[in-house]
>>> print(open('start.pdb').read())   # PDB, C-alpha atoms
ATOM      1  CA  MET Q   1     -85.595  95.521   2.597
ATOM      2  CA  ASN Q   2     -83.938  98.362   4.506
ATOM      3  CA  ASN Q   3     -81.047  96.106   5.502
ATOM      4  CA  LEU Q   4     -80.174  95.603   1.800
ATOM      5  CA  ILE Q   5     -80.226  99.195   0.552
ATOM      6  CA  GLY Q   6     -76.823 100.853   0.435
ATOM      7  CA  GLN Q   7     -75.019  97.541   0.896
ATOM      8  CA  ILE Q   8     -72.976  95.150  -1.225
ATOM      9  CA  ILE Q   9     -75.016  91.944  -1.497
ATOM     10  CA  THR Q  10     -74.977  88.619  -3.346
ATOM     11  CA  ALA Q  11     -78.309  87.808  -5.016
ATOM     12  CA  LEU Q  12     -79.735  84.930  -7.055
ATOM     13  CA  VAL Q  13     -80.720  85.486 -10.696
ATOM     14  CA  THR Q  14     -84.317  84.268 -11.039
ATOM     15  CA  ASP Q  15     -85.713  85.829 -14.234
ATOM     16  CA  GLU Q  16     -84.979  88.143 -17.142
ATOM     17  CA  ASN Q  17     -86.559  90.213 -19.904
ATOM     18  CA  GLU Q  18     -85.130  92.068 -22.891
ATOM     19  CA  ASP Q  19     -83.577  94.833 -20.794
ATOM     20  CA  ALA Q  20     -82.834  93.396 -17.369
ATOM     21  CA  PHE Q  21     -82.303  90.425 -15.123
ATOM     22  CA  PHE Q  22     -84.249  90.046 -11.902
ATOM     23  CA  VAL Q  23     -82.455  88.874  -8.788
ATOM     24  CA  GLN Q  24     -83.629  87.914  -5.315
ATOM     25  CA  LYS Q  25     -82.134  88.313  -1.874
ATOM     26  CA  ASP Q  26     -83.996  87.406   1.333
ATOM     27  CA  GLY Q  27     -87.297  87.378  -0.546
ATOM     28  CA  VAL Q  28     -86.727  90.836  -2.066
ATOM     29  CA  THR Q  29     -86.596  91.214  -5.866
ATOM     30  CA  LEU Q  30     -84.224  93.718  -7.467
ATOM     31  CA  LYS Q  31     -83.633  94.664 -11.099
ATOM     32  CA  LEU Q  32     -80.191  94.236 -12.679
ATOM     33  CA  ASN Q  33     -79.995  96.196 -15.928
ATOM     34  CA  LYS Q  34     -78.255  94.340 -18.754
ATOM     35  CA  GLU Q  35     -76.664  97.459 -20.201
ATOM     36  CA  GLY Q  36     -73.038  97.778 -19.136
ATOM     37  CA  LEU Q  37     -72.680  94.278 -17.675
ATOM     38  CA  GLU Q  38     -69.168  92.912 -18.229
ATOM     39  CA  THR Q  39     -70.281  89.327 -17.555
ATOM     40  CA  VAL Q  40     -73.758  88.142 -18.522
ATOM     41  CA  PRO Q  41     -75.211  85.768 -15.910
ATOM     42  CA  GLU Q  42     -77.652  82.925 -16.428
ATOM     43  CA  ILE Q  43     -80.768  81.988 -14.473
ATOM     44  CA  GLY Q  44     -79.626  80.324 -11.260
ATOM     45  CA  ASP Q  45     -76.316  82.218 -11.068
ATOM     46  CA  THR Q  46     -75.448  84.513  -8.192
ATOM     47  CA  VAL Q  47     -74.372  88.108  -8.739
ATOM     48  CA  GLU Q  48     -72.596  90.441  -6.347
ATOM     49  CA  GLY Q  49     -73.482  94.115  -6.522
ATOM     50  CA  PHE Q  50     -74.648  97.277  -4.811
ATOM     51  CA  ALA Q  51     -78.331  97.508  -3.865
ATOM     52  CA  TYR Q  52     -80.175 100.828  -3.977
ATOM     53  CA  GLU Q  53     -83.509 102.450  -4.761
ATOM     54  CA  ASN Q  54     -83.361 104.667  -7.856
ATOM     55  CA  SER Q  55     -85.171 107.960  -8.434
ATOM     56  CA  SER Q  56     -88.210 106.034  -9.760
ATOM     57  CA  ARG Q  57     -88.403 104.039  -6.477
ATOM     58  CA  GLU Q  58     -87.257 100.819  -8.200
ATOM     59  CA  LEU Q  59     -84.994  98.437  -6.308
ATOM     60  CA  ILE Q  60     -81.797  98.118  -8.340
ATOM     61  CA  LEU Q  61     -78.723  95.922  -8.157
ATOM     62  CA  THR Q  62     -75.660  97.248  -9.972
ATOM     63  CA  THR Q  63     -72.247  95.679 -10.355
ATOM     64  CA  PHE Q  64     -70.785  99.193 -10.049
ATOM     65  CA  ILE Q  65     -69.720  99.593  -6.425
ATOM     66  CA  PRO Q  66     -69.767 103.237  -5.275
ATOM     67  CA  LYS Q  67     -67.233 104.274  -2.661
ATOM     68  CA  SER Q  68     -69.980 105.952  -0.599
ATOM     69  CA  ARG Q  69     -72.056 103.228   1.051
ATOM     70  CA  VAL Q  70     -73.621 102.496   4.414
ATOM     71  CA  GLY Q  71     -70.683 102.767   6.816
ATOM     72  CA  HIS Q  72     -68.236 103.856   4.090
ATOM     73  CA  TYR Q  73     -67.333 107.516   3.515
ATOM     74  CA  ALA Q  74     -66.042 109.016   0.270
ATOM     75  CA  PHE Q  75     -66.150 112.320  -1.584
ATOM     76  CA  GLY Q  76     -68.974 112.943  -4.047
ATOM     77  CA  GLU Q  77     -69.687 115.953  -6.244
ATOM     78  CA  VAL Q  78     -72.588 118.274  -5.471
ATOM     79  CA  VAL Q  79     -74.821 118.515  -8.549
ATOM     80  CA  GLU Q  80     -77.903 120.400  -7.332
ATOM     81  CA  THR Q  81     -79.220 122.408  -4.400
ATOM     82  CA  ARG Q  82     -82.798 122.727  -3.153
ATOM     83  CA  ARG Q  83     -83.457 125.184  -0.353
ATOM     84  CA  ASP Q  84     -86.468 123.174   0.859
ATOM     85  CA  LEU Q  85     -84.592 119.861   0.964
ATOM     86  CA  GLY Q  86     -80.797 120.066   0.858
ATOM     87  CA  VAL Q  87     -78.123 119.265  -1.718
ATOM     88  CA  PHE Q  88     -77.838 116.372  -4.177
ATOM     89  CA  VAL Q  89     -74.525 114.510  -4.370
ATOM     90  CA  ASN Q  90     -73.392 112.302  -7.252
ATOM     91  CA  ILE Q  91     -71.748 109.083  -6.017
ATOM     92  CA  GLY Q  92     -71.521 107.512  -9.477
ATOM     93  CA  LEU Q  93     -74.957 105.926  -9.912
ATOM     94  CA  PRO Q  94     -76.630 106.629 -13.299
ATOM     95  CA  ASP Q  95     -80.167 107.145 -11.982
ATOM     96  CA  LYS Q  96     -79.833 108.316  -8.388
ATOM     97  CA  ASP Q  97     -78.138 111.224  -6.621
ATOM     98  CA  MET Q  98     -78.027 111.184  -2.823
ATOM     99  CA  VAL Q  99     -79.652 113.963  -0.836
ATOM    100  CA  VAL Q 100     -77.845 115.538   2.092
ATOM    101  CA  SER Q 101     -80.581 117.005   4.280
ATOM    102  CA  LEU Q 102     -80.661 120.737   4.966
ATOM    103  CA  ASP Q 103     -80.506 119.747   8.658
ATOM    104  CA  GLU Q 104     -76.833 118.823   8.084
ATOM    105  CA  LEU Q 105     -75.986 122.025   6.210
ATOM    106  CA  PRO Q 106     -74.998 125.479   7.491
ATOM    107  CA  THR Q 107     -77.826 127.676   8.731
ATOM    108  CA  ILE Q 108     -76.520 130.475   6.483
ATOM    109  CA  ASN Q 109     -77.597 129.642   2.923
ATOM    110  CA  LYS Q 110     -74.656 131.340   1.215
ATOM    111  CA  LEU Q 111     -72.346 128.844   2.941
ATOM    112  CA  TRP Q 112     -74.161 125.834   1.435
ATOM    113  CA  PRO Q 113     -72.212 123.828  -1.150
ATOM    114  CA  LYS Q 114     -72.743 124.781  -4.790
ATOM    115  CA  PRO Q 115     -72.682 122.475  -7.842
ATOM    116  CA  GLY Q 116     -69.078 121.451  -8.414
ATOM    117  CA  ASP Q 117     -68.205 121.457  -4.706
ATOM    118  CA  ARG Q 118     -67.748 118.134  -2.974
ATOM    119  CA  LEU Q 119     -68.789 116.473   0.277
ATOM    120  CA  MET Q 120     -67.490 113.392   2.027
ATOM    121  CA  ILE Q 121     -70.564 111.274   2.712
ATOM    122  CA  ALA Q 122     -71.707 107.794   3.670
ATOM    123  CA  LEU Q 123     -75.233 106.511   3.079
ATOM    124  CA  GLU Q 124     -77.918 106.211   5.725
ATOM    125  CA  VAL Q 125     -81.319 104.521   5.333
ATOM    126  CA  ASP Q 126     -84.190 105.829   7.459
ATOM    127  CA  GLU Q 127     -87.153 103.894   8.855
ATOM    128  CA  LYS Q 128     -89.160 104.633   5.675
ATOM    129  CA  GLY Q 129     -86.501 103.095   3.462
ATOM    130  CA  ARG Q 130     -85.276 106.442   2.113
ATOM    131  CA  THR Q 131     -81.550 106.816   1.475
ATOM    132  CA  TRP Q 132     -79.727 109.964   2.594
ATOM    133  CA  GLY Q 133     -76.185 111.198   2.376
ATOM    134  CA  LYS Q 134     -74.583 111.615   5.803
ATOM    135  CA  ILE Q 135     -71.691 114.074   6.027
ATOM    136  CA  ALA Q 136     -68.510 112.783   7.676
ATOM    137  CA  ASP Q 137     -67.861 114.222  11.123
ATOM    138  CA  GLU Q 138     -64.632 115.465  12.657
ATOM    139  CA  ALA Q 139     -63.644 111.990  13.895
ATOM    140  CA  ILE Q 140     -63.784 110.579  10.351
ATOM    141  CA  PHE Q 141     -61.537 113.313   8.964
ATOM    142  CA  ARG Q 142     -59.087 112.905  11.841
ATOM    143  CA  SER Q 143     -58.944 109.151  11.251
ATOM    144  CA  ILE Q 144     -57.969 109.501   7.578
ATOM    145  CA  SER Q 145     -55.604 112.462   7.994
ATOM    146  CA  LYS Q 146     -51.805 112.430   8.186
ATOM    147  CA  ALA Q 147     -49.550 114.319  10.596
ATOM    148  CA  ALA Q 148     -48.131 117.450   8.995
ATOM    149  CA  LYS Q 149     -44.357 117.953   8.837
ATOM    150  CA  PRO Q 150     -42.536 121.186   9.798
ATOM    151  CA  GLU Q 151     -40.959 121.405   6.337
ATOM    152  CA  MET Q 152     -44.417 121.948   4.851
ATOM    153  CA  LYS Q 153     -44.264 125.590   5.957
ATOM    154  CA  ASN Q 154     -44.612 127.967   2.982
ATOM    155  CA  GLU Q 155     -45.889 125.182   0.712
ATOM    156  CA  ASN Q 156     -48.905 125.869  -1.496
ATOM    157  CA  VAL Q 157     -51.784 123.460  -0.873
ATOM    158  CA  GLU Q 158     -55.292 122.779  -2.141
ATOM    159  CA  GLY Q 159     -58.068 121.217  -0.130
ATOM    160  CA  THR Q 160     -61.774 120.757   0.503
ATOM    161  CA  VAL Q 161     -63.570 122.677   3.236
ATOM    162  CA  TYR Q 162     -65.260 120.205   5.575
ATOM    163  CA  ARG Q 163     -66.123 122.196   8.698
ATOM    164  CA  LEU Q 164     -67.213 125.772   9.360
ATOM    165  CA  LYS Q 165     -66.803 127.262  12.839
ATOM    166  CA  LEU Q 166     -66.698 130.715  14.370
ATOM    167  CA  VAL Q 167     -62.995 130.238  15.119
ATOM    168  CA  GLY Q 168     -62.237 129.523  11.465
ATOM    169  CA  THR Q 169     -62.437 127.088   8.546
ATOM    170  CA  PHE Q 170     -61.182 123.485   8.526
ATOM    171  CA  LEU Q 171     -60.148 121.717   5.328
ATOM    172  CA  LEU Q 172     -58.656 118.437   4.172
ATOM    173  CA  THR Q 173     -55.876 118.825   1.628
ATOM    174  CA  ASP Q 174     -55.536 116.608  -1.426
ATOM    175  CA  ASP Q 175     -52.672 114.880   0.416
ATOM    176  CA  PHE Q 176     -54.873 114.186   3.477
ATOM    177  CA  TYR Q 177     -53.502 116.844   5.806
ATOM    178  CA  ILE Q 178     -55.923 118.845   7.950
ATOM    179  CA  GLY Q 179     -55.646 122.586   7.515
ATOM    180  CA  PHE Q 180     -57.097 125.509   9.448
ATOM    181  CA  ILE Q 181     -57.813 128.990   8.062
ATOM    182  CA  HIS Q 182     -58.162 131.726  10.657
ATOM    183  CA  PRO Q 183     -60.748 134.413   9.755
ATOM    184  CA  SER Q 184     -57.924 136.968   9.549
ATOM    185  CA  GLU Q 185     -56.245 134.863   6.831
ATOM    186  CA  ARG Q 186     -59.137 134.770   4.361
ATOM    187  CA  GLU Q 187     -60.908 137.297   2.179
ATOM    188  CA  ALA Q 188     -64.325 135.700   2.711
ATOM    189  CA  GLU Q 189     -65.636 132.614   4.499
ATOM    190  CA  PRO Q 190     -65.526 129.613   2.133
ATOM    191  CA  ARG Q 191     -68.557 127.406   1.525
ATOM    192  CA  LEU Q 192     -68.865 123.916   2.958
ATOM    193  CA  GLY Q 193     -67.412 121.587   0.302
ATOM    194  CA  GLN Q 194     -65.584 124.343  -1.563
ATOM    195  CA  MET Q 195     -62.138 123.647  -2.990
ATOM    196  CA  VAL Q 196     -59.693 126.311  -1.820
ATOM    197  CA  GLN Q 197     -56.030 127.078  -2.351
ATOM    198  CA  GLY Q 198     -53.655 128.522   0.193
ATOM    199  CA  ARG Q 199     -50.157 128.678   1.609
ATOM    200  CA  VAL Q 200     -49.007 126.971   4.813
ATOM    201  CA  ILE Q 201     -47.904 129.647   7.302
ATOM    202  CA  GLY Q 202     -47.439 127.364  10.294
ATOM    203  CA  VAL Q 203     -47.452 123.713  11.357
ATOM    204  CA  ARG Q 204     -48.795 122.508  14.714
ATOM    205  CA  PRO Q 205     -48.279 119.144  16.440
ATOM    206  CA  GLU Q 206     -51.976 118.243  16.053
TER     207      GLU Q 206
END
>>> encode(input="start.pdb", output="structure tokens")
Amino acid sequence: MNNLIGQIITALVTDENEDAFFVQKDGVTLKLNKEGLETVPEIGDTVEGFAYENSSRELILTTFIPKSRVGHYAFGEVVETRRDLGVFVNIGLPDKDMVVSLDELPTINKLWPKPGDRLMIALEVDEKGRTWGKIADEAIFRSISKAAKPEMKNENVEGTVYRLKLVGTFLLTDDFYIGFIHPSEREAEPRLGQMVQGRVIGVRPE
């Protein structure tokens, strides 16, 4: 079962009731809700969709494909925080938000993301079958970023804070440039996931 959760799969329609179809993949049965289906399948058809476990611990197949999946990173909006657990991120599913563990968050609580902030996450399934949000690391942000141009100096930019360090704050702009805010250039340290605005005062080769 764990190898299906968080993945795009093709499953066989085997049964239905008034509200849902039931599909099977590798001996595992998942529920496909009828509401919102653009194409209604028949028994014996195959359906491609995203497999996940909802908040009621039901195995669900949905034809909506979220951008955040196992091995695929995308931004999602923070919708809730729990100091004993972490933060909940909406990736577009109607009945499941993904938890980013407090182990991945700053040790200082005031620097945790707040509702409305956003995090770039992929999904990760543990040995108990639980799905977690995994925050993208530096290598991921470097791989999707673009090289800044000298003429960007003095431009106003907006971006999302993705890394907090003693030397300063790193962000990814809306245009996929990596920015750095030195502590001397900010009024207060931004939160992880916070959207910030600023002005480019210098451009470096990296």
>>> closest_residue(input="start.pdb", among="Q:Ala74, Q:Met98, Q:Ile60, Q:Met152", to="Phe21 in chain Q", atoms="all atoms listed in the file")
Q:Ile60
>>> resolve_selection(input="start.pdb", expression="the PyMOL selection byres ((chain Q and resi 169-175) around 10)", output="ChimeraX atom specification")
/Q:138,141-142,144-146,157-168,176-183,186,189-197
>>> write_last_selection(input="start.pdb", atoms="C-alpha atoms", output="tab-separated table (two decimals), in the coordinates of the input")
chain	number	residue	atom	x	y	z
Q	138	GLU	CA	-64.63	115.46	12.66
Q	141	PHE	CA	-61.54	113.31	8.96
Q	142	ARG	CA	-59.09	112.90	11.84
Q	144	ILE	CA	-57.97	109.50	7.58
Q	145	SER	CA	-55.60	112.46	7.99
Q	146	LYS	CA	-51.80	112.43	8.19
Q	157	VAL	CA	-51.78	123.46	-0.87
Q	158	GLU	CA	-55.29	122.78	-2.14
Q	159	GLY	CA	-58.07	121.22	-0.13
Q	160	THR	CA	-61.77	120.76	0.50
Q	161	VAL	CA	-63.57	122.68	3.24
Q	162	TYR	CA	-65.26	120.20	5.58
Q	163	ARG	CA	-66.12	122.20	8.70
Q	164	LEU	CA	-67.21	125.77	9.36
Q	165	LYS	CA	-66.80	127.26	12.84
Q	166	LEU	CA	-66.70	130.72	14.37
Q	167	VAL	CA	-63.00	130.24	15.12
Q	168	GLY	CA	-62.24	129.52	11.46
Q	176	PHE	CA	-54.87	114.19	3.48
Q	177	TYR	CA	-53.50	116.84	5.81
Q	178	ILE	CA	-55.92	118.84	7.95
Q	179	GLY	CA	-55.65	122.59	7.52
Q	180	PHE	CA	-57.10	125.51	9.45
Q	181	ILE	CA	-57.81	128.99	8.06
Q	182	HIS	CA	-58.16	131.73	10.66
Q	183	PRO	CA	-60.75	134.41	9.76
Q	186	ARG	CA	-59.14	134.77	4.36
Q	189	GLU	CA	-65.64	132.61	4.50
Q	190	PRO	CA	-65.53	129.61	2.13
Q	191	ARG	CA	-68.56	127.41	1.52
Q	192	LEU	CA	-68.86	123.92	2.96
Q	193	GLY	CA	-67.41	121.59	0.30
Q	194	GLN	CA	-65.58	124.34	-1.56
Q	195	MET	CA	-62.14	123.65	-2.99
Q	196	VAL	CA	-59.69	126.31	-1.82
Q	197	GLN	CA	-56.03	127.08	-2.35
>>> closest_atom_pairs(input="start.pdb", of="range 39-86 of chain Q", to="range 1-9 of chain Q", cutoff="7 Å", atoms="only C-alpha atoms", output="CSV")
residue,atom,partner,partner_atom,distance
Q:Glu48,CA,Q:Ile9,CA,5.6
Q:Gly49,CA,Q:Ile8,CA,5.4
Q:Phe50,CA,Q:Ile8,CA,4.5
Q:Ala51,CA,Q:Ile5,CA,5.1
Q:Tyr52,CA,Q:Ile5,CA,4.8
Q:Arg69,CA,Q:Gly6,CA,5.4
Q:Val70,CA,Q:Gly6,CA,5.4
>>> atom_distance(input="start.pdb", atom1="CA of Leu85 in chain Q", atom2="CA of Ala139 in chain Q")
25.8 Å
>>> closest_residue(input="start.pdb", among="Q:Lys96, Q:Gly76, Q:Ser101, Q:Glu127", to="Pro115 in chain Q", atoms="only C-alpha atoms")
Q:Gly76
>>> residues_around(input="start.pdb", residues="range 14-18 of chain Q", least_positions_apart="4", cutoff="8 Å", atoms="only C-alpha atoms", output="list in words")
Phe22, Val23, Gln24, Ile43 and Gly44 of chain Q
>>> axis_aligned_box(input="start.pdb", around="range 71-89 of chain Q", padding_each_side="8 Å", output="JSON")
{"center_x": -76.3, "center_y": 114.0, "center_z": -0.9, "size_x": 36.4, "size_y": 38.4, "size_z": 31.4}
>>> closest_residue(input="start.pdb", among="Q:Pro41, Q:Pro106, Q:Gly198, Q:Pro150", to="Ile135 in chain Q", atoms="only C-alpha atoms")
Q:Pro106
>>> resolve_selection(input="start.pdb", expression="the PyMOL selection byres ((chain Q and resi 95) around 7)", output="compact mmCIF listing (two decimals) with C-alpha atoms, keeping the file's coordinate frame")
# COMPACT_ATOMS: atom_id res chain seq x y z
CA ASN Q 54 -83.36 104.67 -7.86
CA SER Q 55 -85.17 107.96 -8.43
CA LEU Q 93 -74.96 105.93 -9.91
CA PRO Q 94 -76.63 106.63 -13.30
CA LYS Q 96 -79.83 108.32 -8.39
>>> resolve_selection(input="start.pdb", expression="the PyMOL selection byres ((chain Q and resi 202) around 8)", output="PDB file with C-alpha atoms, in the coordinates of the input")
ATOM      1  CA  PRO Q 150     -42.536 121.186   9.798  1.00  0.00           C
ATOM      2  CA  LYS Q 153     -44.264 125.590   5.957  1.00  0.00           C
ATOM      3  CA  ASN Q 154     -44.612 127.967   2.982  1.00  0.00           C
ATOM      4  CA  VAL Q 200     -49.007 126.971   4.813  1.00  0.00           C
ATOM      5  CA  ILE Q 201     -47.904 129.647   7.302  1.00  0.00           C
ATOM      6  CA  VAL Q 203     -47.452 123.713  11.357  1.00  0.00           C
ATOM      7  CA  ARG Q 204     -48.795 122.508  14.714  1.00  0.00           C
TER       8      ARG Q 204
END
>>> build_atoms(input="start.pdb", residues="range 171-187 of chain Q", atoms="N, CA, C and O atoms", output="PDB file, in the coordinates of the input")
ATOM      1  N   LEU Q 171     -60.158 122.355   6.650  1.00  0.00           N
ATOM      2  CA  LEU Q 171     -60.148 121.717   5.328  1.00  0.00           C
ATOM      3  C   LEU Q 171     -59.263 120.483   5.348  1.00  0.00           C
ATOM      4  O   LEU Q 171     -58.400 120.327   6.216  1.00  0.00           O
ATOM      5  N   LEU Q 172     -59.500 119.613   4.388  1.00  0.00           N
ATOM      6  CA  LEU Q 172     -58.656 118.437   4.172  1.00  0.00           C
ATOM      7  C   LEU Q 172     -57.958 118.629   2.842  1.00  0.00           C
ATOM      8  O   LEU Q 172     -58.608 118.782   1.810  1.00  0.00           O
ATOM      9  N   THR Q 173     -56.615 118.620   2.868  1.00  0.00           N
ATOM     10  CA  THR Q 173     -55.876 118.825   1.628  1.00  0.00           C
ATOM     11  C   THR Q 173     -55.941 117.574   0.756  1.00  0.00           C
ATOM     12  O   THR Q 173     -56.320 116.491   1.204  1.00  0.00           O
ATOM     13  N   ASP Q 174     -55.538 117.742  -0.490  1.00  0.00           N
ATOM     14  CA  ASP Q 174     -55.536 116.608  -1.426  1.00  0.00           C
ATOM     15  C   ASP Q 174     -54.592 115.500  -0.968  1.00  0.00           C
ATOM     16  O   ASP Q 174     -54.740 114.342  -1.376  1.00  0.00           O
ATOM     17  N   ASP Q 175     -53.628 115.864  -0.111  1.00  0.00           N
ATOM     18  CA  ASP Q 175     -52.672 114.880   0.416  1.00  0.00           C
ATOM     19  C   ASP Q 175     -53.067 114.383   1.805  1.00  0.00           C
ATOM     20  O   ASP Q 175     -52.258 113.783   2.510  1.00  0.00           O
ATOM     21  N   PHE Q 176     -54.308 114.679   2.217  1.00  0.00           N
ATOM     22  CA  PHE Q 176     -54.873 114.186   3.477  1.00  0.00           C
ATOM     23  C   PHE Q 176     -54.229 114.803   4.719  1.00  0.00           C
ATOM     24  O   PHE Q 176     -54.068 114.147   5.742  1.00  0.00           O
ATOM     25  N   TYR Q 177     -53.879 116.076   4.632  1.00  0.00           N
ATOM     26  CA  TYR Q 177     -53.502 116.844   5.806  1.00  0.00           C
ATOM     27  C   TYR Q 177     -54.678 117.739   6.195  1.00  0.00           C
ATOM     28  O   TYR Q 177     -55.406 118.232   5.326  1.00  0.00           O
ATOM     29  N   ILE Q 178     -54.874 117.941   7.489  1.00  0.00           N
ATOM     30  CA  ILE Q 178     -55.923 118.845   7.950  1.00  0.00           C
ATOM     31  C   ILE Q 178     -55.351 120.248   8.059  1.00  0.00           C
ATOM     32  O   ILE Q 178     -54.281 120.460   8.654  1.00  0.00           O
ATOM     33  N   GLY Q 179     -56.069 121.192   7.466  1.00  0.00           N
ATOM     34  CA  GLY Q 179     -55.646 122.586   7.515  1.00  0.00           C
ATOM     35  C   GLY Q 179     -56.674 123.449   8.224  1.00  0.00           C
ATOM     36  O   GLY Q 179     -57.859 123.090   8.305  1.00  0.00           O
ATOM     37  N   PHE Q 180     -56.217 124.567   8.754  1.00  0.00           N
ATOM     38  CA  PHE Q 180     -57.097 125.509   9.448  1.00  0.00           C
ATOM     39  C   PHE Q 180     -56.837 126.912   8.908  1.00  0.00           C
ATOM     40  O   PHE Q 180     -55.684 127.337   8.785  1.00  0.00           O
ATOM     41  N   ILE Q 181     -57.924 127.615   8.563  1.00  0.00           N
ATOM     42  CA  ILE Q 181     -57.813 128.990   8.062  1.00  0.00           C
ATOM     43  C   ILE Q 181     -58.452 129.918   9.091  1.00  0.00           C
ATOM     44  O   ILE Q 181     -59.663 129.864   9.320  1.00  0.00           O
ATOM     45  N   HIS Q 182     -57.634 130.746   9.705  1.00  0.00           N
ATOM     46  CA  HIS Q 182     -58.162 131.726  10.657  1.00  0.00           C
ATOM     47  C   HIS Q 182     -58.923 132.808   9.885  1.00  0.00           C
ATOM     48  O   HIS Q 182     -58.546 133.141   8.743  1.00  0.00           O
ATOM     49  N   PRO Q 183     -59.997 133.363  10.458  1.00  0.00           N
ATOM     50  CA  PRO Q 183     -60.748 134.413   9.755  1.00  0.00           C
ATOM     51  C   PRO Q 183     -59.885 135.576   9.266  1.00  0.00           C
ATOM     52  O   PRO Q 183     -60.185 136.178   8.229  1.00  0.00           O
ATOM     53  N   SER Q 184     -58.800 135.861   9.965  1.00  0.00           N
ATOM     54  CA  SER Q 184     -57.924 136.968   9.549  1.00  0.00           C
ATOM     55  C   SER Q 184     -57.085 136.616   8.327  1.00  0.00           C
ATOM     56  O   SER Q 184     -56.454 137.488   7.722  1.00  0.00           O
ATOM     57  N   GLU Q 185     -57.074 135.323   7.947  1.00  0.00           N
ATOM     58  CA  GLU Q 185     -56.245 134.863   6.831  1.00  0.00           C
ATOM     59  C   GLU Q 185     -57.060 134.538   5.584  1.00  0.00           C
ATOM     60  O   GLU Q 185     -56.591 133.852   4.689  1.00  0.00           O
ATOM     61  N   ARG Q 186     -58.298 135.042   5.529  1.00  0.00           N
ATOM     62  CA  ARG Q 186     -59.137 134.770   4.361  1.00  0.00           C
ATOM     63  C   ARG Q 186     -59.882 136.040   3.961  1.00  0.00           C
ATOM     64  O   ARG Q 186     -60.188 136.889   4.803  1.00  0.00           O
ATOM     65  N   GLU Q 187     -60.168 136.140   2.672  1.00  0.00           N
ATOM     66  CA  GLU Q 187     -60.908 137.297   2.179  1.00  0.00           C
ATOM     67  C   GLU Q 187     -62.391 137.179   2.481  1.00  0.00           C
ATOM     68  O   GLU Q 187     -63.067 138.165   2.747  1.00  0.00           O
TER      69      GLU Q 187
END
